[in-house]
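Reproduced below: model_10.pdb, with PDB, C-alpha atoms and all ligand atoms.
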ATOM      1  CA  MET A  12       0.285  34.207   8.378  1.00  0.00           C
ATOM      2  CA  ASN A  13       2.529  34.580  11.472  1.00  0.00           C
ATOM      3  CA  GLU A  14       4.589  31.627  12.678  1.00  0.00           C
ATOM      4  CA  HIS A  15       2.993  31.992  16.135  1.00  0.00           C
ATOM      5  CA  SER A  16      -0.436  33.215  17.217  1.00  0.00           C
ATOM      6  CA  ASN A  17      -0.920  34.485  20.768  1.00  0.00           C
ATOM      7  CA  GLU A  18      -4.636  33.619  20.558  1.00  0.00           C
ATOM      8  CA  CYS A  19      -4.126  30.026  19.374  1.00  0.00           C
ATOM      9  CA  ILE A  20      -4.414  27.279  22.030  1.00  0.00           C
ATOM     10  CA  PHE A  21      -2.127  24.963  20.071  1.00  0.00           C
ATOM     11  CA  CYS A  22       0.588  27.616  19.608  1.00  0.00           C
ATOM     12  CA  ASN A  23       0.492  28.067  23.372  1.00  0.00           C
ATOM     13  CA  ILE A  24       0.388  24.449  24.493  1.00  0.00           C
ATOM     14  CA  GLU A  25       2.348  24.003  27.743  1.00  0.00           C
ATOM     15  CA  LYS A  26       5.835  22.540  27.186  1.00  0.00           C
ATOM     16  CA  SER A  27       5.137  19.902  29.845  1.00  0.00           C
ATOM     17  CA  ARG A  28       2.318  18.472  27.691  1.00  0.00           C
ATOM     18  CA  ILE A  29       4.573  17.751  24.716  1.00  0.00           C
ATOM     19  CA  VAL A  30       5.072  13.990  24.419  1.00  0.00           C
ATOM     20  CA  ILE A  31       7.444  13.959  21.443  1.00  0.00           C
ATOM     21  CA  GLU A  32       8.765  16.554  19.045  1.00  0.00           C
ATOM     22  CA  ASN A  33      11.178  17.077  16.212  1.00  0.00           C
ATOM     23  CA  SER A  34      12.428  20.273  14.617  1.00  0.00           C
ATOM     24  CA  LEU A  35       9.142  21.131  12.844  1.00  0.00           C
ATOM     25  CA  ALA A  36       6.333  19.298  14.659  1.00  0.00           C
ATOM     26  CA  ILE A  37       5.073  18.346  18.108  1.00  0.00           C
ATOM     27  CA  LEU A  38       2.761  15.693  19.532  1.00  0.00           C
ATOM     28  CA  PHE A  39       0.549  15.943  22.612  1.00  0.00           C
ATOM     29  CA  TYR A  40      -2.526  14.141  23.926  1.00  0.00           C
ATOM     30  CA  ASP A  41      -6.006  15.358  23.033  1.00  0.00           C
ATOM     31  CA  SER A  42      -7.759  16.872  26.066  1.00  0.00           C
ATOM     32  CA  PHE A  43     -11.067  15.218  25.131  1.00  0.00           C
ATOM     33  CA  PRO A  44      -9.878  11.839  23.810  1.00  0.00           C
ATOM     34  CA  VAL A  45     -12.102   9.732  21.570  1.00  0.00           C
ATOM     35  CA  THR A  46     -10.191   6.688  22.854  1.00  0.00           C
ATOM     36  CA  GLU A  47      -7.335   6.313  25.333  1.00  0.00           C
ATOM     37  CA  GLY A  48      -4.098   7.473  23.674  1.00  0.00           C
ATOM     38  CA  HIS A  49      -5.793   9.865  21.220  1.00  0.00           C
ATOM     39  CA  SER A  50      -2.894  12.059  20.102  1.00  0.00           C
ATOM     40  CA  LEU A  51      -2.653  15.281  18.126  1.00  0.00           C
ATOM     41  CA  ILE A  52       0.279  16.047  15.860  1.00  0.00           C
ATOM     42  CA  ILE A  53       0.777  19.650  14.813  1.00  0.00           C
ATOM     43  CA  PRO A  54       3.350  21.653  12.881  1.00  0.00           C
ATOM     44  CA  LYS A  55       5.163  24.173  15.103  1.00  0.00           C
ATOM     45  CA  ARG A  56       4.273  26.875  12.597  1.00  0.00           C
ATOM     46  CA  HIS A  57       0.791  28.383  12.988  1.00  0.00           C
ATOM     47  CA  ILE A  58      -0.875  27.362   9.735  1.00  0.00           C
ATOM     48  CA  ALA A  59      -4.560  26.793   9.117  1.00  0.00           C
ATOM     49  CA  ASP A  60      -4.716  23.254   7.868  1.00  0.00           C
ATOM     50  CA  TYR A  61      -3.148  20.223   6.231  1.00  0.00           C
ATOM     51  CA  PHE A  62      -2.928  21.870   2.810  1.00  0.00           C
ATOM     52  CA  SER A  63      -0.537  24.544   4.096  1.00  0.00           C
ATOM     53  CA  LEU A  64       2.066  22.007   5.253  1.00  0.00           C
ATOM     54  CA  THR A  65       5.389  22.173   3.422  1.00  0.00           C
ATOM     55  CA  GLY A  66       7.058  18.969   2.284  1.00  0.00           C
ATOM     56  CA  ASP A  67       9.462  19.146   5.232  1.00  0.00           C
ATOM     57  CA  GLU A  68       6.585  19.642   7.683  1.00  0.00           C
ATOM     58  CA  LEU A  69       4.700  16.734   6.150  1.00  0.00           C
ATOM     59  CA  ARG A  70       7.714  14.504   6.722  1.00  0.00           C
ATOM     60  CA  ALA A  71       8.067  15.808  10.297  1.00  0.00           C
ATOM     61  CA  VAL A  72       4.401  15.151  11.073  1.00  0.00           C
ATOM     62  CA  HIS A  73       4.599  11.719   9.444  1.00  0.00           C
ATOM     63  CA  GLU A  74       7.632  10.830  11.575  1.00  0.00           C
ATOM     64  CA  LEU A  75       5.776  11.636  14.819  1.00  0.00           C
ATOM     65  CA  ILE A  76       2.647   9.754  13.717  1.00  0.00           C
ATOM     66  CA  ASN A  77       4.696   6.625  13.056  1.00  0.00           C
ATOM     67  CA  LEU A  78       6.793   6.955  16.218  1.00  0.00           C
ATOM     68  CA  GLN A  79       3.735   7.431  18.419  1.00  0.00           C
ATOM     69  CA  SER A  80       1.801   4.561  16.813  1.00  0.00           C
ATOM     70  CA  GLU A  81       4.732   2.244  17.568  1.00  0.00           C
ATOM     71  CA  ARG A  82       5.048   3.493  21.150  1.00  0.00           C
ATOM     72  CA  LEU A  83       1.340   3.180  21.815  1.00  0.00           C
ATOM     73  CA  MET A  84       1.217  -0.371  20.443  1.00  0.00           C
ATOM     74  CA  GLU A  85       4.270  -1.390  22.454  1.00  0.00           C
ATOM     75  CA  GLY A  86       2.721  -0.027  25.648  1.00  0.00           C
ATOM     76  CA  ASP A  87      -0.804  -1.315  25.120  1.00  0.00           C
ATOM     77  CA  LYS A  88      -1.312  -4.682  23.477  1.00  0.00           C
ATOM     78  CA  SER A  89      -5.072  -4.124  23.277  1.00  0.00           C
ATOM     79  CA  ILE A  90      -4.518  -1.572  20.472  1.00  0.00           C
ATOM     80  CA  LYS A  91      -5.290  -3.305  17.178  1.00  0.00           C
ATOM     81  CA  GLY A  92      -5.602  -0.392  14.748  1.00  0.00           C
ATOM     82  CA  PHE A  93      -5.700   3.365  14.295  1.00  0.00           C
ATOM     83  CA  ASN A  94      -7.761   6.034  12.650  1.00  0.00           C
ATOM     84  CA  ILE A  95      -5.643   8.896  11.311  1.00  0.00           C
ATOM     85  CA  GLY A  96      -7.462  11.996  10.184  1.00  0.00           C
ATOM     86  CA  THR A  97      -7.553  15.720   9.836  1.00  0.00           C
ATOM     87  CA  ASN A  98     -10.410  18.171   9.594  1.00  0.00           C
ATOM     88  CA  ALA A  99      -9.606  20.936   7.102  1.00  0.00           C
ATOM     89  CA  GLY A 100     -12.045  23.827   7.287  1.00  0.00           C
ATOM     90  CA  LYS A 101     -15.089  24.576   9.429  1.00  0.00           C
ATOM     91  CA  ALA A 102     -17.360  22.799   6.944  1.00  0.00           C
ATOM     92  CA  ALA A 103     -15.333  19.635   7.551  1.00  0.00           C
ATOM     93  CA  GLY A 104     -15.637  20.006  11.319  1.00  0.00           C
ATOM     94  CA  GLN A 105     -12.390  21.789  12.190  1.00  0.00           C
ATOM     95  CA  THR A 106     -12.722  23.634  15.506  1.00  0.00           C
ATOM     96  CA  VAL A 107      -9.100  24.596  16.254  1.00  0.00           C
ATOM     97  CA  MET A 108      -7.684  26.582  13.358  1.00  0.00           C
ATOM     98  CA  HIS A 109      -4.111  25.370  13.732  1.00  0.00           C
ATOM     99  CA  CYS A 110      -3.350  22.394  11.505  1.00  0.00           C
ATOM    100  CA  HIS A 111      -3.498  19.123  13.434  1.00  0.00           C
ATOM    101  CA  ILE A 112      -3.702  15.433  12.648  1.00  0.00           C
ATOM    102  CA  HIS A 113      -5.638  13.090  14.936  1.00  0.00           C
ATOM    103  CA  LEU A 114      -4.078   9.711  15.734  1.00  0.00           C
ATOM    104  CA  ILE A 115      -6.793   7.596  17.366  1.00  0.00           C
ATOM    105  CA  PRO A 116      -5.944   4.123  18.694  1.00  0.00           C
ATOM    106  CA  ARG A 117      -8.615   1.493  18.160  1.00  0.00           C
ATOM    107  CA  ARG A 118      -9.375  -1.617  20.163  1.00  0.00           C
ATOM    108  CA  GLU A 119     -11.646  -4.510  19.443  1.00  0.00           C
ATOM    109  CA  GLY A 120     -15.074  -3.841  20.897  1.00  0.00           C
ATOM    110  CA  ASP A 121     -14.549  -0.082  21.389  1.00  0.00           C
ATOM    111  CA  CYS A 122     -17.696   0.467  19.370  1.00  0.00           C
ATOM    112  CA  GLU A 123     -20.497  -1.783  18.204  1.00  0.00           C
ATOM    113  CA  ASP A 124     -19.451  -1.978  14.526  1.00  0.00           C
ATOM    114  CA  PRO A 125     -16.217  -0.236  13.429  1.00  0.00           C
ATOM    115  CA  ARG A 126     -16.690  -0.914   9.697  1.00  0.00           C
ATOM    116  CA  GLY A 127     -16.333   2.259   7.652  1.00  0.00           C
ATOM    117  CA  GLY A 128     -14.117   4.094  10.169  1.00  0.00           C
ATOM    118  CA  VAL A 129     -13.521   7.626   8.934  1.00  0.00           C
ATOM    119  CA  ARG A 130     -16.568   7.373   6.660  1.00  0.00           C
ATOM    120  CA  GLY A 131     -18.436   8.089   9.890  1.00  0.00           C
ATOM    121  CA  VAL A 132     -17.728  11.837   9.448  1.00  0.00           C
ATOM    122  CA  ILE A 133     -21.197  11.958   7.901  1.00  0.00           C
ATOM    123  CA  PRO A 134     -23.563  10.168  10.285  1.00  0.00           C
ATOM    124  CA  GLY A 135     -25.401   7.417   8.439  1.00  0.00           C
ATOM    125  CA  LYS A 136     -22.741   7.108   5.700  1.00  0.00           C
ATOM    126  CA  MET A 137     -20.304   4.919   7.627  1.00  0.00           C
ATOM    127  CA  LYS A 138     -21.402   1.639   6.082  1.00  0.00           C
ATOM    128  CA  TYR A 139     -21.696   0.981   2.373  1.00  0.00           C
ATOM    129  CA  SER A 140     -22.951  -1.891   0.294  1.00  0.00           C
ATOM    130  CA  ILE A 141     -21.913  -2.760  -3.257  1.00  0.00           C
TER     131      ILE A 141
HETATM  132  P1  LIG B 201     -10.816  19.560  15.410  1.00  0.00           P
HETATM  133  O1  LIG B 201     -12.272  19.491  15.711  1.00  0.00           O
HETATM  134  O2  LIG B 201     -10.349  18.614  14.340  1.00  0.00           O
HETATM  135  O3  LIG B 201     -10.382  20.967  15.149  1.00  0.00           O
HETATM  136  O4  LIG B 201     -10.084  19.010  16.690  1.00  0.00           O
HETATM  137  C1  LIG B 201      -9.714  19.787  17.772  1.00  0.00           C
HETATM  138  C2  LIG B 201      -9.292  18.823  18.841  1.00  0.00           C
HETATM  139  O5  LIG B 201      -8.590  19.539  19.820  1.00  0.00           O
HETATM  140  C3  LIG B 201     -10.450  18.117  19.533  1.00  0.00           C
HETATM  141  O6  LIG B 201     -10.286  16.697  19.433  1.00  0.00           O
HETATM  142  C4  LIG B 201     -10.358  18.592  20.980  1.00  0.00           C
HETATM  143  O7  LIG B 201     -10.673  17.571  21.889  1.00  0.00           O
HETATM  144  C5  LIG B 201      -8.907  19.003  21.078  1.00  0.00           C
HETATM  145  N1  LIG B 201      -8.597  20.048  22.030  1.00  0.00           N
HETATM  146  C6  LIG B 201      -9.285  21.197  22.260  1.00  0.00           C
HETATM  147  N2  LIG B 201      -8.624  21.954  23.147  1.00  0.00           N
HETATM  148  C7  LIG B 201      -7.480  21.276  23.473  1.00  0.00           C
HETATM  149  C8  LIG B 201      -6.372  21.529  24.319  1.00  0.00           C
HETATM  150  N3  LIG B 201      -6.285  22.665  25.026  1.00  0.00           N
HETATM  151  N4  LIG B 201      -5.414  20.606  24.414  1.00  0.00           N
HETATM  152  C9  LIG B 201      -5.472  19.458  23.696  1.00  0.00           C
HETATM  153  N5  LIG B 201      -6.491  19.169  22.866  1.00  0.00           N
HETATM  154  C10 LIG B 201      -7.471  20.060  22.755  1.00  0.00           C
HETATM  155 ZN    ZN B 202      -1.456  28.093  16.304  1.00  0.00          ZN
END
Go ahead and render the structure in this file as structure tokens.
Ligand code: AMP
Ligand code: ZN
Amino acid sequence: MNEHSNECIFCNIEKSRIVIENSLAILFYDSFPVTEGHSLIIPKRHIADYFSLTGDELRAVHELINLQSERLMEGDKSIKGFNIGTNAGKAAGQTVMHCHIHLIPRREGDCEDPRGGVRGVIPGKMKYSI
């Protein structure tokens, strides 16, 4: 796969939209945020999904996730948690075929019952009982 794809919206993200970057990854805000501050972290290389990340890219992505979570929490004291997730493959809901990790700030009361978090990928399976 090429390092850059002319057809890929994430390969062609405007420089002015980049919030933070390091040598292998960039972070920008999601255009259709689930909550305020919803950020996307992507490798600079055009790769399909999480499983194609090299060890160095994983570290680069991880660094931006941590940096941004700290910045967001410093700037907005109402943030009390995060959901971090990635959709790998169309069957899992991926719509942009350039690897990206969602960093979604969470605030108390932003939904009726947050229990289960990412389990909500399958509607109706968010809550469990032992
Ligand atoms: P996924 O469904 O995991 O592939 O997520 C794709 C994400 O990209 C969604 O959360 C969209 O809101 C977001 N998105 C789509 N187009 C853009 C864009 N041009 N800039 C920033 N985010 C985008
Ligand atoms: Zn791309």
Report as a PDB file with C-alpha atoms, in the coordinates of the input all protein, DNA and RNA residues lying within 12 Å of A:Arg70, evaluated on only C-alpha atoms, omitting residues in the same chain fewer than 2 positions from it.
ATOM      1  CA  ASN A  33      11.178  17.077  16.212  1.00  0.00           C
ATOM      2  CA  SER A  34      12.428  20.273  14.617  1.00  0.00           C
ATOM      3  CA  LEU A  35       9.142  21.131  12.844  1.00  0.00           C
ATOM      4  CA  ALA A  36       6.333  19.298  14.659  1.00  0.00           C
ATOM      5  CA  ILE A  52       0.279  16.047  15.860  1.00  0.00           C
ATOM      6  CA  ILE A  53       0.777  19.650  14.813  1.00  0.00           C
ATOM      7  CA  PRO A  54       3.350  21.653  12.881  1.00  0.00           C
ATOM      8  CA  LEU A  64       2.066  22.007   5.253  1.00  0.00           C
ATOM      9  CA  THR A  65       5.389  22.173   3.422  1.00  0.00           C
ATOM     10  CA  GLY A  66       7.058  18.969   2.284  1.00  0.00           C
ATOM     11  CA  ASP A  67       9.462  19.146   5.232  1.00  0.00           C
ATOM     12  CA  GLU A  68       6.585  19.642   7.683  1.00  0.00           C
ATOM     13  CA  VAL A  72       4.401  15.151  11.073  1.00  0.00           C
ATOM     14  CA  HIS A  73       4.599  11.719   9.444  1.00  0.00           C
ATOM     15  CA  GLU A  74       7.632  10.830  11.575  1.00  0.00           C
ATOM     16  CA  LEU A  75       5.776  11.636  14.819  1.00  0.00           C
ATOM     17  CA  ILE A  76       2.647   9.754  13.717  1.00  0.00           C
ATOM     18  CA  ASN A  77       4.696   6.625  13.056  1.00  0.00           C
TER      19      ASN A  77
END
Item to complete: Dump the neighbourhood of ligand ZN 202 (chain B) as a VMD selection string: all residues within 6 Å, distances computed on all atoms listed in the file.
Response: chain A and resid 15 to 16 19 21 to 22 57 109
With C-alpha atoms kept, could you save the residues just selected as an mmCIF file, keeping the file's coordinate frame?
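Saved as selection-v2.cif:
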data_model
loop_
_atom_site.group_PDB
_atom_site.id
_atom_site.type_symbol
_atom_site.label_atom_id
_atom_site.label_comp_id
_atom_site.auth_asym_id
_atom_site.auth_seq_id
_atom_site.Cartn_x
_atom_site.Cartn_y
_atom_site.Cartn_z
ATOM 1 C CA HIS A 15 2.993 31.992 16.135
ATOM 2 C CA SER A 16 -0.436 33.215 17.217
ATOM 3 C CA CYS A 19 -4.126 30.026 19.374
ATOM 4 C CA PHE A 21 -2.127 24.963 20.071
ATOM 5 C CA CYS A 22 0.588 27.616 19.608
ATOM 6 C CA HIS A 57 0.791 28.383 12.988
ATOM 7 C CA HIS A 109 -4.111 25.370 13.732
#
Residue neighbourhood stretch 39-51 of chain A, 8 Å, only C-alpha atoms, exclusion window fewer than 6 positions, as number ranges by chain: A: 28-31, 83, 111-117
Okay, now the selection with C-alpha atoms, as a CSV table (one decimal), keeping the file's coordinate frame?
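Here's the written file out_12.csv:
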chain,number,residue,atom,x,y,z
A,28,ARG,CA,2.3,18.5,27.7
A,29,ILE,CA,4.6,17.8,24.7
A,30,VAL,CA,5.1,14.0,24.4
A,31,ILE,CA,7.4,14.0,21.4
A,83,LEU,CA,1.3,3.2,21.8
A,111,HIS,CA,-3.5,19.1,13.4
A,112,ILE,CA,-3.7,15.4,12.6
A,113,HIS,CA,-5.6,13.1,14.9
A,114,LEU,CA,-4.1,9.7,15.7
A,115,ILE,CA,-6.8,7.6,17.4
A,116,PRO,CA,-5.9,4.1,18.7
A,117,ARG,CA,-8.6,1.5,18.2
Quick check, in Å to one decimal: how far apart do atom CA of A:Met108 and atom N2 of ligand LIG 201 (chain B) lie?
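Computed distance, atom CA of A:Met108 to atom N2 of ligand LIG 201 (chain B), equals 10.9 Å.
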Q: Enter the distance from atom N2 of ligand LIG 201 (chain B) to atom CA of A:Ile24, in Å, rounded to one decimal.
A: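 These two atoms are separated by 9.4 Å.
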Could you give me, as a PyMOL selection string, the residues within 9 Å of A:Asn98, counting all atoms listed in the file and dropping anything in the same chain fewer than 5 positions from it?
chain A and resi 60-61+103-106+110-113
Edge lengths and centre in Å to one decimal, as lines of an AutoDock Vina configuration file, is what I'm after for the box along x, y and z that holds all listed atoms of ligand LIG 201 (chain B) once 3 Å is added on each side.
center_x = -8.8
center_y = 19.7
center_z = 19.7
size_x = 12.9
size_y = 12.0
size_z = 16.7
- Message: I'd like the interatomic distance between atom CA of A:Val129 and atom CA of A:Ile95, to a tenth of an Å.
- Response: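 Interatomic distance, atom CA of A:Val129 to atom CA of A:Ile95: 8.3 Å.
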